[in-house]
Each structure stands twice: as structure tokens, then as C-alpha cells.
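Shown below: structure_24.cif, with mmCIF, C-alpha atoms.
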```
data_input
#
loop_
_atom_site.group_PDB
_atom_site.id
_atom_site.type_symbol
_atom_site.label_atom_id
_atom_site.label_comp_id
_atom_site.auth_asym_id
_atom_site.auth_seq_id
_atom_site.Cartn_x
_atom_site.Cartn_y
_atom_site.Cartn_z
ATOM 1 C CA MET H 971 -33.467 72.610 98.498
ATOM 2 C CA THR H 972 -35.463 70.329 96.171
ATOM 3 C CA ARG H 973 -34.510 70.496 92.497
ATOM 4 C CA LEU H 974 -36.952 72.682 90.576
ATOM 5 C CA LYS H 975 -38.551 71.135 87.462
ATOM 6 C CA ILE H 976 -39.469 73.698 84.818
ATOM 7 C CA ALA H 977 -41.518 73.262 81.623
ATOM 8 C CA ILE H 978 -40.500 75.305 78.573
ATOM 9 C CA PRO H 979 -42.212 75.474 75.130
ATOM 10 C CA ASN H 980 -40.294 73.197 72.765
ATOM 11 C CA LYS H 981 -41.280 75.127 69.640
ATOM 12 C CA GLY H 982 -43.548 77.867 68.336
ATOM 13 C CA ALA H 983 -43.759 81.593 68.963
ATOM 14 C CA LEU H 984 -43.064 81.315 72.714
ATOM 15 C CA SER H 985 -40.026 79.031 72.574
ATOM 16 C CA ALA H 986 -37.210 81.400 71.533
ATOM 17 C CA ALA H 987 -38.350 84.268 73.774
ATOM 18 C CA ALA H 988 -38.703 81.923 76.774
ATOM 19 C CA THR H 989 -35.180 80.612 76.181
ATOM 20 C CA ASP H 990 -33.810 84.171 75.975
ATOM 21 C CA ILE H 991 -35.323 85.256 79.277
ATOM 22 C CA LEU H 992 -33.988 82.146 81.011
ATOM 23 C CA LYS H 993 -30.483 82.733 79.638
ATOM 24 C CA GLU H 994 -30.626 86.318 80.887
ATOM 25 C CA SER H 995 -31.724 84.945 84.266
ATOM 26 C CA GLY H 996 -28.507 82.935 84.454
ATOM 27 C CA TYR H 997 -29.814 79.493 83.523
ATOM 28 C CA LYS H 998 -28.247 77.039 81.128
ATOM 29 C CA GLN H 999 -30.311 76.360 77.998
ATOM 30 C CA ARG H 1000 -30.192 73.709 75.294
ATOM 31 C CA SER H 1001 -28.044 74.122 72.199
ATOM 32 C CA ASP H 1002 -29.898 71.453 70.205
ATOM 33 C CA SER H 1003 -33.618 71.969 69.506
ATOM 34 C CA LYS H 1004 -34.091 68.182 69.582
ATOM 35 C CA GLU H 1005 -33.177 68.002 73.278
ATOM 36 C CA LEU H 1006 -36.276 67.398 75.401
ATOM 37 C CA ARG H 1007 -34.600 67.593 78.819
ATOM 38 C CA LEU H 1008 -31.723 69.629 80.224
ATOM 39 C CA LEU H 1009 -30.166 69.469 83.676
ATOM 40 C CA ASP H 1010 -28.609 72.683 85.015
ATOM 41 C CA THR H 1011 -26.601 71.348 87.953
ATOM 42 C CA GLU H 1012 -25.093 74.718 88.844
ATOM 43 C CA ASN H 1013 -28.539 76.180 89.593
ATOM 44 C CA ASP H 1014 -30.127 72.856 90.613
ATOM 45 C CA VAL H 1015 -32.972 73.077 88.092
ATOM 46 C CA GLU H 1016 -34.176 70.696 85.397
ATOM 47 C CA PHE H 1017 -35.810 71.916 82.185
ATOM 48 C CA PHE H 1018 -38.333 69.923 80.157
ATOM 49 C CA TYR H 1019 -39.146 71.072 76.623
ATOM 50 C CA LEU H 1020 -42.794 70.280 75.921
ATOM 51 C CA ARG H 1021 -45.675 71.188 73.649
ATOM 52 C CA PRO H 1022 -46.967 74.588 74.847
ATOM 53 C CA ARG H 1023 -50.507 73.173 75.050
ATOM 54 C CA ASP H 1024 -49.408 70.426 77.482
ATOM 55 C CA ILE H 1025 -47.402 72.556 79.902
ATOM 56 C CA ALA H 1026 -50.299 73.738 82.087
ATOM 57 C CA LEU H 1027 -51.474 70.141 82.528
ATOM 58 C CA TYR H 1028 -48.088 68.917 83.779
ATOM 59 C CA VAL H 1029 -47.758 71.864 86.138
ATOM 60 C CA GLY H 1030 -51.356 71.616 87.358
ATOM 61 C CA GLU H 1031 -50.917 67.947 88.217
ATOM 62 C CA GLY H 1032 -47.720 68.686 90.116
ATOM 63 C CA THR H 1033 -45.527 66.572 87.816
ATOM 64 C CA LEU H 1034 -43.521 69.731 87.084
ATOM 65 C CA ASP H 1035 -43.172 72.746 89.375
ATOM 66 C CA VAL H 1036 -43.131 75.740 87.030
ATOM 67 C CA GLY H 1037 -43.939 76.451 83.397
ATOM 68 C CA ILE H 1038 -43.914 79.115 80.731
ATOM 69 C CA THR H 1039 -46.910 79.064 78.411
ATOM 70 C CA GLY H 1040 -49.595 81.329 76.963
ATOM 71 C CA ARG H 1041 -52.483 82.608 79.078
ATOM 72 C CA ASP H 1042 -54.857 81.278 76.408
ATOM 73 C CA LEU H 1043 -53.410 77.771 76.713
ATOM 74 C CA LEU H 1044 -53.526 77.915 80.516
ATOM 75 C CA LEU H 1045 -57.196 78.906 80.595
ATOM 76 C CA ASP H 1046 -58.195 76.507 77.835
ATOM 77 C CA SER H 1047 -56.585 73.555 79.627
ATOM 78 C CA GLY H 1048 -58.696 73.845 82.766
ATOM 79 C CA ALA H 1049 -55.596 72.719 84.677
ATOM 80 C CA LYS H 1050 -55.085 73.386 88.397
ATOM 81 C CA ALA H 1051 -52.285 75.826 87.682
ATOM 82 C CA GLU H 1052 -52.234 79.561 88.273
ATOM 83 C CA GLU H 1053 -50.667 82.555 86.573
ATOM 84 C CA VAL H 1054 -47.840 84.051 88.612
ATOM 85 C CA MET H 1055 -46.582 86.855 86.372
ATOM 86 C CA THR H 1056 -46.724 88.116 82.807
ATOM 87 C CA LEU H 1057 -43.517 87.902 80.793
ATOM 88 C CA GLY H 1058 -43.898 90.693 78.225
ATOM 89 C CA PHE H 1059 -43.834 88.652 75.017
ATOM 90 C CA GLY H 1060 -46.141 86.479 72.911
ATOM 91 C CA ARG H 1061 -48.992 88.985 73.042
ATOM 92 C CA SER H 1062 -52.092 88.144 71.030
ATOM 93 C CA THR H 1063 -55.850 88.664 71.064
ATOM 94 C CA PHE H 1064 -58.460 85.927 70.863
ATOM 95 C CA ARG H 1065 -61.346 86.963 68.587
ATOM 96 C CA PHE H 1066 -64.364 85.716 66.670
ATOM 97 C CA ALA H 1067 -64.185 86.004 62.877
ATOM 98 C CA GLY H 1068 -66.547 85.371 59.982
ATOM 99 C CA PRO H 1069 -66.727 85.895 56.210
ATOM 100 C CA GLN H 1070 -65.850 89.462 55.228
ATOM 101 C CA GLY H 1071 -68.982 91.564 54.818
ATOM 102 C CA ALA H 1072 -71.281 88.922 56.302
ATOM 103 C CA ILE H 1073 -71.228 90.225 59.894
ATOM 104 C CA ASP H 1074 -70.951 93.832 61.095
ATOM 105 C CA PRO H 1075 -67.568 94.240 62.873
ATOM 106 C CA ALA H 1076 -69.388 96.025 65.707
ATOM 107 C CA ALA H 1077 -72.123 93.389 65.945
ATOM 108 C CA ASP H 1078 -73.350 92.249 69.332
ATOM 109 C CA LEU H 1079 -72.173 88.732 70.061
ATOM 110 C CA SER H 1080 -75.782 87.583 70.348
ATOM 111 C CA VAL H 1081 -75.412 86.949 66.577
ATOM 112 C CA LEU H 1082 -73.498 83.813 67.590
ATOM 113 C CA ALA H 1083 -76.659 82.148 68.883
ATOM 114 C CA GLY H 1084 -77.261 78.911 66.994
ATOM 115 C CA LYS H 1085 -74.017 79.244 65.010
ATOM 116 C CA ARG H 1086 -71.326 76.602 64.557
ATOM 117 C CA ILE H 1087 -68.041 77.965 65.927
ATOM 118 C CA ALA H 1088 -64.791 76.256 64.944
ATOM 119 C CA THR H 1089 -61.841 76.622 67.310
ATOM 120 C CA SER H 1090 -58.831 74.867 68.790
ATOM 121 C CA TYR H 1091 -59.672 76.436 72.161
ATOM 122 C CA THR H 1092 -62.996 74.863 73.109
ATOM 123 C CA GLY H 1093 -62.553 75.512 76.836
ATOM 124 C CA ILE H 1094 -62.105 79.259 76.399
ATOM 125 C CA VAL H 1095 -64.885 79.625 73.826
ATOM 126 C CA GLN H 1096 -67.450 77.506 75.662
ATOM 127 C CA GLY H 1097 -66.746 79.326 78.920
ATOM 128 C CA PHE H 1098 -67.094 82.705 77.183
ATOM 129 C CA LEU H 1099 -70.445 81.706 75.655
ATOM 130 C CA ASP H 1100 -71.755 80.234 78.923
ATOM 131 C CA ARG H 1101 -70.964 83.426 80.853
ATOM 132 C CA ARG H 1102 -73.037 85.399 78.356
ATOM 133 C CA GLY H 1103 -75.870 82.919 78.081
ATOM 134 C CA ILE H 1104 -75.278 82.326 74.351
ATOM 135 C CA GLU H 1105 -76.164 78.897 72.999
ATOM 136 C CA ALA H 1106 -74.006 77.833 70.071
ATOM 137 C CA HIS H 1107 -72.307 74.674 68.830
ATOM 138 C CA VAL H 1108 -68.542 74.674 69.440
ATOM 139 C CA VAL H 1109 -66.636 72.545 66.927
ATOM 140 C CA ARG H 1110 -63.172 71.422 68.061
ATOM 141 C CA LEU H 1111 -60.487 71.469 65.375
ATOM 142 C CA ASP H 1112 -56.789 70.846 65.962
ATOM 143 C CA GLY H 1113 -54.586 73.174 63.958
ATOM 144 C CA ALA H 1114 -55.612 75.889 61.494
ATOM 145 C CA VAL H 1115 -59.311 76.724 61.571
ATOM 146 C CA GLU H 1116 -59.392 79.424 58.858
ATOM 147 C CA THR H 1117 -60.660 77.050 56.135
ATOM 148 C CA SER H 1118 -63.440 75.519 58.227
ATOM 149 C CA ILE H 1119 -66.067 77.997 57.017
ATOM 150 C CA GLN H 1120 -65.195 77.476 53.366
ATOM 151 C CA LEU H 1121 -65.372 73.714 53.890
ATOM 152 C CA GLY H 1122 -68.804 73.987 55.476
ATOM 153 C CA VAL H 1123 -67.729 72.794 58.915
ATOM 154 C CA ALA H 1124 -68.534 76.060 60.699
ATOM 155 C CA ASP H 1125 -70.271 79.423 60.352
ATOM 156 C CA VAL H 1126 -67.653 81.431 62.295
ATOM 157 C CA ILE H 1127 -64.298 80.738 63.932
ATOM 158 C CA ALA H 1128 -62.635 81.744 67.193
ATOM 159 C CA ASP H 1129 -58.871 81.981 67.086
ATOM 160 C CA VAL H 1130 -55.739 83.836 68.145
ATOM 161 C CA VAL H 1131 -55.242 87.030 66.138
ATOM 162 C CA GLU H 1132 -51.832 88.714 66.033
ATOM 163 C CA THR H 1133 -51.762 90.878 62.889
ATOM 164 C CA GLY H 1134 -54.950 89.646 61.191
ATOM 165 C CA SER H 1135 -53.145 88.968 57.897
ATOM 166 C CA THR H 1136 -53.915 85.226 57.964
ATOM 167 C CA LEU H 1137 -57.610 85.926 58.449
ATOM 168 C CA ARG H 1138 -57.699 88.438 55.607
ATOM 169 C CA GLN H 1139 -56.007 85.975 53.277
ATOM 170 C CA ALA H 1140 -58.766 83.492 54.111
ATOM 171 C CA GLY H 1141 -61.474 86.107 53.394
ATOM 172 C CA LEU H 1142 -62.373 86.520 57.068
ATOM 173 C CA ALA H 1143 -62.801 89.541 59.343
ATOM 174 C CA VAL H 1144 -63.038 89.849 63.125
ATOM 175 C CA PHE H 1145 -66.201 91.070 64.805
ATOM 176 C CA GLY H 1146 -67.532 91.771 68.276
ATOM 177 C CA GLU H 1147 -65.570 92.187 71.478
ATOM 178 C CA ALA H 1148 -62.323 90.364 72.166
ATOM 179 C CA ILE H 1149 -62.647 87.025 73.915
ATOM 180 C CA LEU H 1150 -59.273 87.194 75.634
ATOM 181 C CA GLU H 1151 -56.028 89.182 75.715
ATOM 182 C CA SER H 1152 -53.194 86.680 75.933
ATOM 183 C CA GLU H 1153 -49.435 86.731 76.410
ATOM 184 C CA ALA H 1154 -46.701 84.504 77.791
ATOM 185 C CA VAL H 1155 -47.066 83.870 81.513
ATOM 186 C CA LEU H 1156 -45.174 82.110 84.271
ATOM 187 C CA ILE H 1157 -47.355 79.480 85.932
ATOM 188 C CA THR H 1158 -47.155 77.149 88.908
ATOM 189 C CA ARG H 1159 -49.521 74.909 90.795
ATOM 190 C CA ALA H 1160 -51.697 76.589 93.394
ATOM 191 C CA GLY H 1161 -49.967 77.090 96.723
ATOM 192 C CA ASN H 1162 -46.410 76.557 95.516
ATOM 193 C CA GLY H 1163 -44.268 78.732 97.741
ATOM 194 C CA SER H 1164 -41.103 76.650 97.833
ATOM 195 C CA PRO H 1165 -37.771 78.474 98.342
ATOM 196 C CA ALA H 1166 -36.512 77.150 94.991
ATOM 197 C CA PHE H 1167 -39.527 78.591 93.176
ATOM 198 C CA GLU H 1168 -39.140 81.946 94.924
ATOM 199 C CA VAL H 1169 -35.502 82.167 93.767
ATOM 200 C CA PHE H 1170 -36.506 81.339 90.198
ATOM 201 C CA LYS H 1171 -39.340 83.868 90.197
ATOM 202 C CA ARG H 1172 -37.076 86.574 91.639
ATOM 203 C CA ARG H 1173 -34.496 86.005 88.915
ATOM 204 C CA VAL H 1174 -37.049 86.217 86.119
ATOM 205 C CA ASP H 1175 -38.658 89.292 87.647
ATOM 206 C CA GLY H 1176 -35.226 90.914 87.872
ATOM 207 C CA VAL H 1177 -34.681 90.429 84.145
ATOM 208 C CA LEU H 1178 -38.121 91.871 83.325
ATOM 209 C CA VAL H 1179 -37.394 94.970 85.412
ATOM 210 C CA ALA H 1180 -33.953 95.311 83.827
ATOM 211 C CA ARG H 1181 -35.522 95.222 80.361
ATOM 212 C CA SER H 1182 -37.905 98.022 81.307
ATOM 213 C CA TYR H 1183 -35.484 100.358 83.096
ATOM 214 C CA VAL H 1184 -32.117 102.003 82.505
ATOM 215 C CA MET H 1185 -29.681 103.592 84.932
ATOM 216 C CA MET H 1186 -29.389 107.360 84.581
ATOM 217 C CA ASP H 1187 -26.439 109.364 85.946
ATOM 218 C CA TYR H 1188 -26.029 113.134 85.789
ATOM 219 C CA ASP H 1189 -24.340 116.077 87.489
ATOM 220 C CA ILE H 1190 -26.305 119.112 88.625
ATOM 221 C CA GLU H 1191 -26.045 122.140 90.882
ATOM 222 C CA ALA H 1192 -27.054 121.296 94.443
ATOM 223 C CA SER H 1193 -29.590 124.131 94.430
ATOM 224 C CA LYS H 1194 -31.508 122.357 91.635
ATOM 225 C CA VAL H 1195 -31.486 118.838 93.103
ATOM 226 C CA THR H 1196 -35.070 118.985 94.364
ATOM 227 C CA ASP H 1197 -36.407 119.775 90.882
ATOM 228 C CA ALA H 1198 -34.139 117.173 89.261
ATOM 229 C CA VAL H 1199 -35.102 114.446 91.701
ATOM 230 C CA ALA H 1200 -38.761 115.165 90.993
ATOM 231 C CA LEU H 1201 -38.025 114.082 87.414
ATOM 232 C CA THR H 1202 -35.924 111.047 88.446
ATOM 233 C CA PRO H 1203 -37.345 109.698 91.720
ATOM 234 C CA GLY H 1204 -35.927 106.210 91.100
ATOM 235 C CA LEU H 1205 -37.522 103.093 92.543
ATOM 236 C CA GLU H 1206 -36.608 103.692 96.184
ATOM 237 C CA GLY H 1207 -35.101 107.149 95.869
ATOM 238 C CA PRO H 1208 -32.047 108.288 93.882
ATOM 239 C CA THR H 1209 -28.447 108.271 95.075
ATOM 240 C CA VAL H 1210 -27.098 111.817 95.511
ATOM 241 C CA SER H 1211 -23.339 112.236 96.059
ATOM 242 C CA PRO H 1212 -21.211 115.386 96.412
ATOM 243 C CA LEU H 1213 -18.802 116.207 93.578
ATOM 244 C CA HIS H 1214 -15.314 117.643 93.903
ATOM 245 C CA ARG H 1215 -16.755 120.686 92.089
ATOM 246 C CA GLU H 1216 -18.169 122.947 94.796
ATOM 247 C CA GLY H 1217 -21.933 123.373 94.743
ATOM 248 C CA TRP H 1218 -22.542 120.386 92.445
ATOM 249 C CA VAL H 1219 -23.732 116.831 93.100
ATOM 250 C CA ALA H 1220 -23.948 113.581 91.134
ATOM 251 C CA VAL H 1221 -27.326 111.869 90.903
ATOM 252 C CA ARG H 1222 -27.995 108.232 89.992
ATOM 253 C CA ALA H 1223 -31.463 106.704 89.557
ATOM 254 C CA MET H 1224 -33.278 103.923 87.715
ATOM 255 C CA VAL H 1225 -35.730 105.386 85.196
ATOM 256 C CA PRO H 1226 -38.169 103.797 82.726
ATOM 257 C CA ARG H 1227 -36.519 102.968 79.409
ATOM 258 C CA ALA H 1228 -39.548 104.368 77.579
ATOM 259 C CA GLY H 1229 -39.242 108.151 77.553
ATOM 260 C CA ALA H 1230 -35.621 108.192 78.770
ATOM 261 C CA GLN H 1231 -34.451 110.405 75.895
ATOM 262 C CA ARG H 1232 -37.154 112.978 76.621
ATOM 263 C CA LEU H 1233 -36.158 112.886 80.288
ATOM 264 C CA MET H 1234 -32.539 113.619 79.336
ATOM 265 C CA ASP H 1235 -33.715 116.704 77.434
ATOM 266 C CA GLU H 1236 -35.701 117.935 80.440
ATOM 267 C CA LEU H 1237 -32.732 117.456 82.771
ATOM 268 C CA TYR H 1238 -30.427 119.290 80.362
ATOM 269 C CA ASP H 1239 -32.839 122.223 80.222
ATOM 270 C CA LEU H 1240 -32.857 122.220 84.027
ATOM 271 C CA GLY H 1241 -29.076 122.554 84.045
ATOM 272 C CA ALA H 1242 -27.898 118.962 84.395
ATOM 273 C CA ARG H 1243 -24.739 117.951 82.545
ATOM 274 C CA ALA H 1244 -22.766 114.714 81.909
ATOM 275 C CA ILE H 1245 -26.082 112.869 81.563
ATOM 276 C CA LEU H 1246 -25.501 109.158 80.943
ATOM 277 C CA LEU H 1247 -27.775 106.181 80.285
ATOM 278 C CA THR H 1248 -26.600 102.644 81.057
ATOM 279 C CA ASP H 1249 -28.336 99.349 80.349
ATOM 280 C CA ILE H 1250 -29.239 97.141 83.303
ATOM 281 C CA HIS H 1251 -28.709 93.439 82.626
ATOM 282 C CA ALA H 1252 -30.334 92.099 85.778
ATOM 283 C CA CYS H 1253 -31.406 93.290 89.202
ATOM 284 C CA ARG H 1254 -32.954 92.235 92.509
ATOM 285 C CA LEU H 1255 -35.495 94.578 94.039
#
```
Can you present the structure in this file as C-alpha cells?
Amino acid sequence: MTRLKIAIPNKGALSAAATDILKESGYKQRSDSKELRLLDTENDVEFFYLRPRDIALYVGEGTLDVGITGRDLLLDSGAKAEEVMTLGFGRSTFRFAGPQGAIDPAADLSVLAGKRIATSYTGIVQGFLDRRGIEAHVVRLDGAVETSIQLGVADVIADVVETGSTLRQAGLAVFGEAILESEAVLITRAGNGSPAFEVFKRRVDGVLVARSYVMMDYDIEASKVTDAVALTPGLEGPTVSPLHREGWVAVRAMVPRAGAQRLMDELYDLGARAILLTDIHACRL
């Protein structure tokens, strides 16, 4: 099997979370943030720590096989790479913003016509405007764009918004519909179906499922199993085993982590006892 080459963000909001998910997937990760390359011989993969903005380009050109980056960076790059799965972290919204009080927050985006729009994501913004037939001048700026209006470079900005605090500090407010909902994604070049990639993807997916589910065990009277199983159907059906106590069975099922405490209450009211929740560290489905 050919060694898999994987691109990981070397810094920024995505870096630590990407490293965590790879560790949980059983891969070796760097101990020194200055390392730019790491060989994991046990799993026959090689990690390259790159600028998040460059990752989609390397993957799209086939120089590297797989990458973790933001959906916004993938789309802005125009690279020949495709999103394989979302990773559940690094969520943000891409929005237009202007001086507070100058533009109605609910304004139609036709107000952008003829405006100068400063952004670090020219590909996303220009594509958004073109799809809506809006003619505006997109100004490319690398780095923070919040001061561009005050400096007279632009009339509005388009940028990633997480909490909005940075915009408010700069005297700006978002308006109109969101341009894009972004989060960390796993990407590869189109048509990559190599066995090594499938193993990697399966491991990461197993960690994501494990983070979202817990294992629930409980004992209940056999006569009430049908009602109990309706509450805990599991992924492919629960395991039901007889107990030494006559007329009782033990049930085990994977259940969503969200709402698990409420589910325990419902099972208790139904008559279940010895109800246990256990974390799942990894799985294969």
C-alpha cells in the first residue's frame, strides 16, 4: 500500500483540533510546533504541516493525498480538491459587514452594487456576487480587513465571523444573508479511492462517531423490552441478553451523547435499573 501523505494546518484555529482528532485516530503527531514534517512508520503515513490556505492547492495538484482545512479556504482556492467529510470543529460564518448604523442589517445585498468590498477571500466573494448578478469591486487584502473602511480602502468588508466581537470593536456590523457556513473539512483530490485513504477516512469517521455517541447499558423486565428498545434502537439494533434474574434482560445500545441524561430518566420511569453510560473512544461501523 502506497504511503499516504497528509496535510495538516501548522497553526491557527484549526491546528490543535486537527492534531487532537488524528491522535484519537491512532496516528503519531509532532511534539514540537516547529516541525514541518512527521513520518509515522507504524501507520505508513507522512504528515506535512502547512499554512491552512495552501493545503487545498497541494491536495488539488496531487502533491499530497489528503488534507484538513476550512471549507472557506477550500472554496476560495479554486483547487481541484473535494470535500469528503465535515469534522465538527472550526465552525464560522462568512458575512458582509459595514459601519454600524450605515446599512440596515436586513438589507438586500443589492446595496453592494458599485461598492468596494475588502476581503482576504476574493474567490468566494467574487463567485457569490457573480451568482447574484451584483457588480462590485473586490479589493484583496491579506490579513485583517477590519480597518480597511476607516482607512478609505473599502466601503464594506467580507470576512469570517465567529463571535462578532472583533467587528464590533472596529465599529462594524454584519448585514444581509450569510455568504458561507464554514467548518473544518477533510479533503482529497477528485477520484481518490486508494485503500490507504479509505483506511484513514474510516479511522477519522470512527472518532467522530465516538465523540457523538455513548454506550448505554441497563437491566429491564423482559415484558418491557419492546418499549425500552423503542427508546434505544442503537445503530444496527441493541444487544439483548438474558440475566440470571428470571424475567429480566440486559440491554446494550449506542445512543446519541446529546440527550443521554434525559433518556436515562425515561428508561428509569419505564422500570429499567442499573443504567450505565460509557464513553466510546473509537469505533468502526
Skip H:Asp1035 itself and residues of its chain fewer than 5 positions away, then list as a PyMOL selection string all residues within 9 Å of it, counting all atoms listed in the file. chain H and resi 974-977+1028-1030+1157-1159+1162+1167
Of the candidates H:Ala1083, H:Cys1253, H:Leu1045, H:Val1210, which shows the shortest atom-to-atom distance to H:Glu1151, using all atoms listed in the file? H:Leu1045
Which residues fall under the PyMOL selection byres ((chain H and resi 1220) around 9) in this file, as JSON, numbers by chain? {"H": [1187, 1188, 1189, 1190, 1191, 1192, 1209, 1210, 1211, 1212, 1213, 1218, 1219, 1221, 1222]}
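Once the PyMOL selection byres ((chain H and resi 1003) around 12) is applied to the depicted file, the selected set reads H:Ile978, H:Pro979, H:Asn980, H:Lys981, H:Gly982, H:Ser985, H:Ala986, H:Thr989, H:Gln999, H:Arg1000, H:Ser1001, H:Asp1002, H:Lys1004, H:Glu1005, H:Leu1006, H:Arg1007, H:Leu1008, H:Phe1018, H:Tyr1019, H:Leu1020.
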Would you translate the PyMOL selection byres ((chain H and resi 1197-1200) around 12) into the concrete set of residues it matches in this file, as a VMD selection string? chain H and resid 1186 to 1196 1201 to 1210 1219 to 1225 1233 to 1243 1245
Between H:Lys1085, H:Arg1023, H:Arg1061, H:Arg973, which one has atoms that come closest to H:Leu1150, using all atoms listed in the file? H:Arg1061
In file coordinates, which residues lie within 12 Å of (-37.2, 97.3, 82.1) using only C-alpha atoms, given as a count of residues only? 28
Taking only C-alpha atoms into account, name the residue in H:Ala1124, H:Ile1104, H:Ile1119, H:Leu1044 that is nearest to H:Ala1140. H:Ile1119
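Atom CA of H:Met1055 lies 12.4 Å from atom CA of H:Glu1168.
All residues of protein, DNA or RNA that reach within 12 Å of stretch 1074-1078 of chain H, judged by only C-alpha atoms and not counting those fewer than 3 positions away in the chain, are H:Arg1065, H:Phe1066, H:Ala1067, H:Gly1068, H:Pro1069, H:Gln1070, H:Gly1071, H:Val1081, H:Leu1082, H:Ala1083, H:Arg1102, H:Ile1104, H:Leu1142, H:Ala1143, H:Val1144, H:Phe1145, H:Gly1146, H:Glu1147, H:Ala1148.
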Given the choices H:Asp990, H:Asp1125, H:Asp1024, H:Glu1153, which gets closest to H:Ser1047 if the distance is worked out from only C-alpha atoms? H:Asp1024
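Between atom CA of H:Asp1112 and atom CA of H:Ile1149 lies a distance of 19.0 Å.
Here atom CA of H:Arg1173 and atom CA of H:Ala1154 stand 16.6 Å from one another.
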Once all heavy atoms are restored for stretch 1226-1233 of chain H, what would the output be as a PDB file, keeping the file's coordinate frame?
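File produced: out.pdb:
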```
ATOM      1  N   PRO H1226     -37.574 104.624  83.776  1.00  0.00           N
ATOM      2  CA  PRO H1226     -38.169 103.797  82.726  1.00  0.00           C
ATOM      3  C   PRO H1226     -37.431 103.988  81.401  1.00  0.00           C
ATOM      4  O   PRO H1226     -37.093 105.114  81.022  1.00  0.00           O
ATOM      5  CB  PRO H1226     -39.610 104.304  82.643  1.00  0.00           C
ATOM      6  CG  PRO H1226     -39.877 104.892  83.991  1.00  0.00           C
ATOM      7  CD  PRO H1226     -38.573 105.489  84.422  1.00  0.00           C
ATOM      8  N   ARG H1227     -37.188 102.892  80.707  1.00  0.00           N
ATOM      9  CA  ARG H1227     -36.519 102.968  79.409  1.00  0.00           C
ATOM     10  C   ARG H1227     -37.344 103.810  78.438  1.00  0.00           C
ATOM     11  O   ARG H1227     -36.809 104.626  77.695  1.00  0.00           O
ATOM     12  CB  ARG H1227     -36.309 101.553  78.860  1.00  0.00           C
ATOM     13  CG  ARG H1227     -35.565 101.497  77.534  1.00  0.00           C
ATOM     14  CD  ARG H1227     -35.388 100.055  77.084  1.00  0.00           C
ATOM     15  NE  ARG H1227     -34.565  99.292  78.009  1.00  0.00           N
ATOM     16  CZ  ARG H1227     -33.243  99.224  77.958  1.00  0.00           C
ATOM     17  NH1 ARG H1227     -32.591  99.889  77.012  1.00  0.00           N
ATOM     18  NH2 ARG H1227     -32.569  98.498  78.828  1.00  0.00           N
ATOM     19  N   ALA H1228     -38.659 103.586  78.439  1.00  0.00           N
ATOM     20  CA  ALA H1228     -39.548 104.368  77.579  1.00  0.00           C
ATOM     21  C   ALA H1228     -39.547 105.815  78.055  1.00  0.00           C
ATOM     22  O   ALA H1228     -39.821 106.095  79.225  1.00  0.00           O
ATOM     23  CB  ALA H1228     -40.963 103.795  77.607  1.00  0.00           C
ATOM     24  N   GLY H1229     -39.247 106.734  77.200  1.00  0.00           N
ATOM     25  CA  GLY H1229     -39.242 108.151  77.553  1.00  0.00           C
ATOM     26  C   GLY H1229     -37.935 108.640  78.131  1.00  0.00           C
ATOM     27  O   GLY H1229     -37.842 109.805  78.555  1.00  0.00           O
ATOM     28  N   ALA H1230     -36.897 107.786  78.160  1.00  0.00           N
ATOM     29  CA  ALA H1230     -35.621 108.192  78.770  1.00  0.00           C
ATOM     30  C   ALA H1230     -34.954 109.332  78.005  1.00  0.00           C
ATOM     31  O   ALA H1230     -34.346 110.224  78.606  1.00  0.00           O
ATOM     32  CB  ALA H1230     -34.683 106.993  78.861  1.00  0.00           C
ATOM     33  N   GLN H1231     -35.070 109.330  76.687  1.00  0.00           N
ATOM     34  CA  GLN H1231     -34.451 110.405  75.895  1.00  0.00           C
ATOM     35  C   GLN H1231     -35.127 111.747  76.176  1.00  0.00           C
ATOM     36  O   GLN H1231     -34.445 112.782  76.305  1.00  0.00           O
ATOM     37  CB  GLN H1231     -34.540 110.070  74.404  1.00  0.00           C
ATOM     38  CG  GLN H1231     -33.689 108.888  73.975  1.00  0.00           C
ATOM     39  CD  GLN H1231     -32.197 109.198  74.042  1.00  0.00           C
ATOM     40  OE1 GLN H1231     -31.784 110.354  73.977  1.00  0.00           O
ATOM     41  NE2 GLN H1231     -31.383 108.165  74.165  1.00  0.00           N
ATOM     42  N   ARG H1232     -36.444 111.746  76.288  1.00  0.00           N
ATOM     43  CA  ARG H1232     -37.154 112.978  76.621  1.00  0.00           C
ATOM     44  C   ARG H1232     -36.745 113.459  78.005  1.00  0.00           C
ATOM     45  O   ARG H1232     -36.556 114.672  78.245  1.00  0.00           O
ATOM     46  CB  ARG H1232     -38.667 112.717  76.573  1.00  0.00           C
ATOM     47  CG  ARG H1232     -39.514 113.907  77.040  1.00  0.00           C
ATOM     48  CD  ARG H1232     -40.973 113.520  77.201  1.00  0.00           C
ATOM     49  NE  ARG H1232     -41.142 112.335  78.015  1.00  0.00           N
ATOM     50  CZ  ARG H1232     -41.023 112.316  79.338  1.00  0.00           C
ATOM     51  NH1 ARG H1232     -40.701 113.424  80.002  1.00  0.00           N
ATOM     52  NH2 ARG H1232     -41.204 111.193  80.012  1.00  0.00           N
ATOM     53  N   LEU H1233     -36.570 112.541  78.932  1.00  0.00           N
ATOM     54  CA  LEU H1233     -36.158 112.886  80.288  1.00  0.00           C
ATOM     55  C   LEU H1233     -34.768 113.523  80.292  1.00  0.00           C
ATOM     56  O   LEU H1233     -34.506 114.482  81.033  1.00  0.00           O
ATOM     57  CB  LEU H1233     -36.174 111.629  81.156  1.00  0.00           C
ATOM     58  CG  LEU H1233     -35.872 111.802  82.638  1.00  0.00           C
ATOM     59  CD1 LEU H1233     -36.801 112.828  83.273  1.00  0.00           C
ATOM     60  CD2 LEU H1233     -35.997 110.455  83.347  1.00  0.00           C
TER      61      LEU H1233
END
```
